[in-house]
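Before any comments, here is the structure.
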Amino acid sequence: MLLYTHNPSLFAFSQEGTLSTNITKPKFSIIGVPFDSSTTYKPGTRFGPIAIREASYNFENYNIELDKKLDVPLFDFGNLDVIHGNVRKTCNNLKETINDLYKNEFTPITIGGEHSITLGVLEAIIQYKDLSKVTIIHLDAHMDLIDEYMGEKYSHATVMRRISELKPKKIIQLGIRSASYEEKIYADDNNISYFKVSEIKNNFEKINKIINDIKGPVYVTIDMDVYDPSSAPSVGNPTPYGLSSCDIFKLMKCICQKNIIGLDVVEVASTSFADITSINAAKLIHDFLCMQSKS
Ligand SMILES: [Mn+2]
């Protein structure tokens with residue numbers, strides 16, 4: 001009996017990835033990172049990539065809200081070989097893979113996996129782009145700016161600190177509602193802007209202008225816990241008073257006016273089919289791809 005009319009090992013509307021494709025830019029690649037070793041609360045992000053791919057078949061290739069088809073070339077390269085228990089070695093593997101994708105002019109979409117993996121992506125990008133010209137837009141409930149978490153330098157809770165040490169032009173954090181005082185001071189001292197949920201909901205025009213004013217390339221990292229837990233309960237650290245899926249859609253429409261050089265969507269810990277967290281993650285990537293489409 002045929003259980004699937006689609007191939008759930010690939011993201012919807014994608015082809016199996018190969019580095020030798022001759023299609024010129026823009027072309028997008030999906031790479032899954034089924035990794036969850038530094039998780040401290042709800043485990044399961046190693047199942048994120050398969051859950052997001054499966055959920056991606058829930059949507060049409062036409063996006064009526066945008067009046068656009070998903071028509072950008074999309075290639076799914078499957079999952080990274082991860083080394084459970086070792087963030088650093090996993091990031092090294094990811095760095096090599098993203099390197100290959102960049103060399104072949106793919107814009108990488110990385111699906112996690114816990115947030116620590118974003119460092120591997122940025123460590124690859126730094127070899128191709130002058131990071132001092134790249135703005136990082138970070139959607140998250142948390143700042144992730146602690147220097148060490150439980151004695152670990154490489155962790156989901158320290159990832160933006162490690163990325164800030166790579167000296168990007170600017171980090172803009174959106175949806176923040178949980179931080180230590182030390183993280184707030186570090187942000188203030190290190191050219192990191194942060195906007196709370198209340199600021200985004202009550203003064204969207206201000207946020208819109210800040211995003212509009214960004215010059216140069218933009219990398220986007222999205223921790224799914226930026227959503228309110230009512231929309232995304234299956235994440236490593238669910239945090240109340242978050243953004244709605246409509247708020248995120250509005251933000252993404254602004255962000256996608258920019259030159260996006262990569263996207264990651266992390267912290268999905270869905271362990272069952274049709275879980276709302278994986279559906280929102282797949283929809284977010286689907287919307288992003290439609291926003292990058294021409295027709
Ligand atoms: Mn977070």
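A note on labels: chains of the structure tokens are A, B, ... as shown, every chain counts residues from 1, and ligands are counted from 1 in their shown order.
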How would you write, as number ranges by chain, the set of residues in segment 10-149 of chain A that DSSP gives as alpha helix (DSSP H)? A: 48-56, 87-103, 118-125
Saved selection, atoms kept: C-alpha atoms, as a compact mmCIF listing (two decimals), in the first residue's frame:
# COMPACT_ATOMS: atom_id res chain seq x y z
CA GLY A 48 13.47 18.45 13.77
CA PRO A 49 14.64 17.97 10.15
CA ILE A 50 12.44 14.95 9.42
CA ALA A 51 9.43 16.56 11.14
CA ILE A 52 9.86 19.83 9.18
CA ARG A 53 10.27 18.02 5.85
CA GLU A 54 7.17 15.91 6.49
CA ALA A 55 5.15 19.00 7.49
CA SER A 56 6.30 20.86 4.35
CA VAL A 87 28.94 20.48 19.32
CA ARG A 88 32.38 21.52 18.08
CA LYS A 89 32.93 18.50 15.79
CA THR A 90 29.35 18.75 14.49
CA CYS A 91 29.87 22.45 13.69
CA ASN A 92 33.12 21.54 11.88
CA ASN A 93 31.24 19.04 9.69
CA LEU A 94 28.55 21.61 9.01
CA LYS A 95 31.15 24.25 8.18
CA GLU A 96 32.65 21.97 5.50
CA THR A 97 29.23 21.21 4.03
CA ILE A 98 28.07 24.84 3.95
CA ASN A 99 31.45 25.68 2.43
CA ASP A 100 30.74 23.32 -0.46
CA LEU A 101 27.27 24.79 -0.91
CA TYR A 102 28.64 28.35 -0.95
CA LYS A 103 31.38 27.39 -3.39
CA THR A 118 24.30 28.19 13.63
CA LEU A 119 27.94 28.80 14.55
CA GLY A 120 29.07 26.20 11.97
CA VAL A 121 27.11 28.01 9.24
CA LEU A 122 28.61 31.40 10.09
CA GLU A 123 32.13 29.91 10.29
CA ALA A 124 31.66 28.77 6.69
CA ILE A 125 30.18 32.04 5.49
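By chain and then residue number, the residues within 10 Å of Ile255 of chain A are Ile137, Asn208, Ile211, Asn212, Ile214, Val218, Tyr219, Val220, Phe249, Lys250, Ile260, Phe288 and Met291 of chain A, counting only C-alpha atoms and disregarding those fewer than 5 positions away in sequence.
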When the cut-off is 7 Å and you count only C-alpha atoms and all ligand atoms, which residues lie near ligand 1, shown as a list in words?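 Here is the list of contacting residues: Asp140, Ala141, His142, Asp144, Asp223, Asp225, Val226 and Asn237 of chain A.
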List the spatial neighbours of Leu251 of chain A as number ranges by chain - criterion: any atom at most 9 Å away, only C-alpha atoms, same-chain residues fewer than 5 positions off excluded. A: 200, 204, 207-208, 211, 246, 256
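Looking only at segment 12-96 of chain A, the set that DSSP places in strand (DSSP E) from backbone geometry is A:Gln15, A:Glu16, A:Phe28, A:Ser29, A:Ile30, A:Ile31, A:Gly32, A:Val33, A:Tyr62, A:Asn63, A:Lys68, A:Lys69, A:Leu74, A:Phe75, A:Asp76, A:Phe77, A:Gly78, A:Asn79.
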Please dump the current selection as a tab-separated table (two decimals), in the first residue's frame; keep C-alpha atoms.
chain	number	residue	atom	x	y	z
A	15	GLN	CA	14.87	18.10	-5.93
A	16	GLU	CA	17.53	15.85	-4.47
A	28	PHE	CA	18.53	27.39	-2.51
A	29	SER	CA	19.71	24.34	-0.60
A	30	ILE	CA	18.17	22.55	2.35
A	31	ILE	CA	20.45	20.75	4.77
A	32	GLY	CA	19.13	19.09	7.93
A	33	VAL	CA	21.19	18.90	11.11
A	62	TYR	CA	1.07	28.86	-4.66
A	63	ASN	CA	1.03	31.31	-1.74
A	68	LYS	CA	3.35	34.20	-5.59
A	69	LYS	CA	4.39	30.71	-6.60
A	74	LEU	CA	15.34	24.28	-4.42
A	75	PHE	CA	17.64	21.34	-3.70
A	76	ASP	CA	17.52	19.16	-0.61
A	77	PHE	CA	20.92	17.71	0.33
A	78	GLY	CA	19.57	15.52	3.14
A	79	ASN	CA	20.99	15.47	6.64
If we count only C-alpha atoms, what is near Arg162 of chain A at a cut-off of 9 Å, once residues fewer than 2 positions away on the same chain are taken out, given as a PyMOL selection string? chain A and resi 119+145+147+153-154+158-160+164-166
Between atom CA of Val265 of chain A and atom CA of Asp189 of chain A, what distance in Å does the model show, to one decimal?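 A separation of 27.2 Å between them.
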Measuring between only C-alpha atoms, which one of A:Glu65, A:Asp130, A:Glu114, A:Asp275 shows the shortest distance to Pro168 of chain A?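 Result for the nearest residue to Pro168 of chain A: A:Asp130.
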Within 10 Å of Ser293 of chain A, counting only C-alpha atoms, which residues qualify if same-chain residues fewer than 6 places away don't, as JSON, numbers by chain? {"A": [26, 68, 69, 70, 71, 72, 73, 287]}
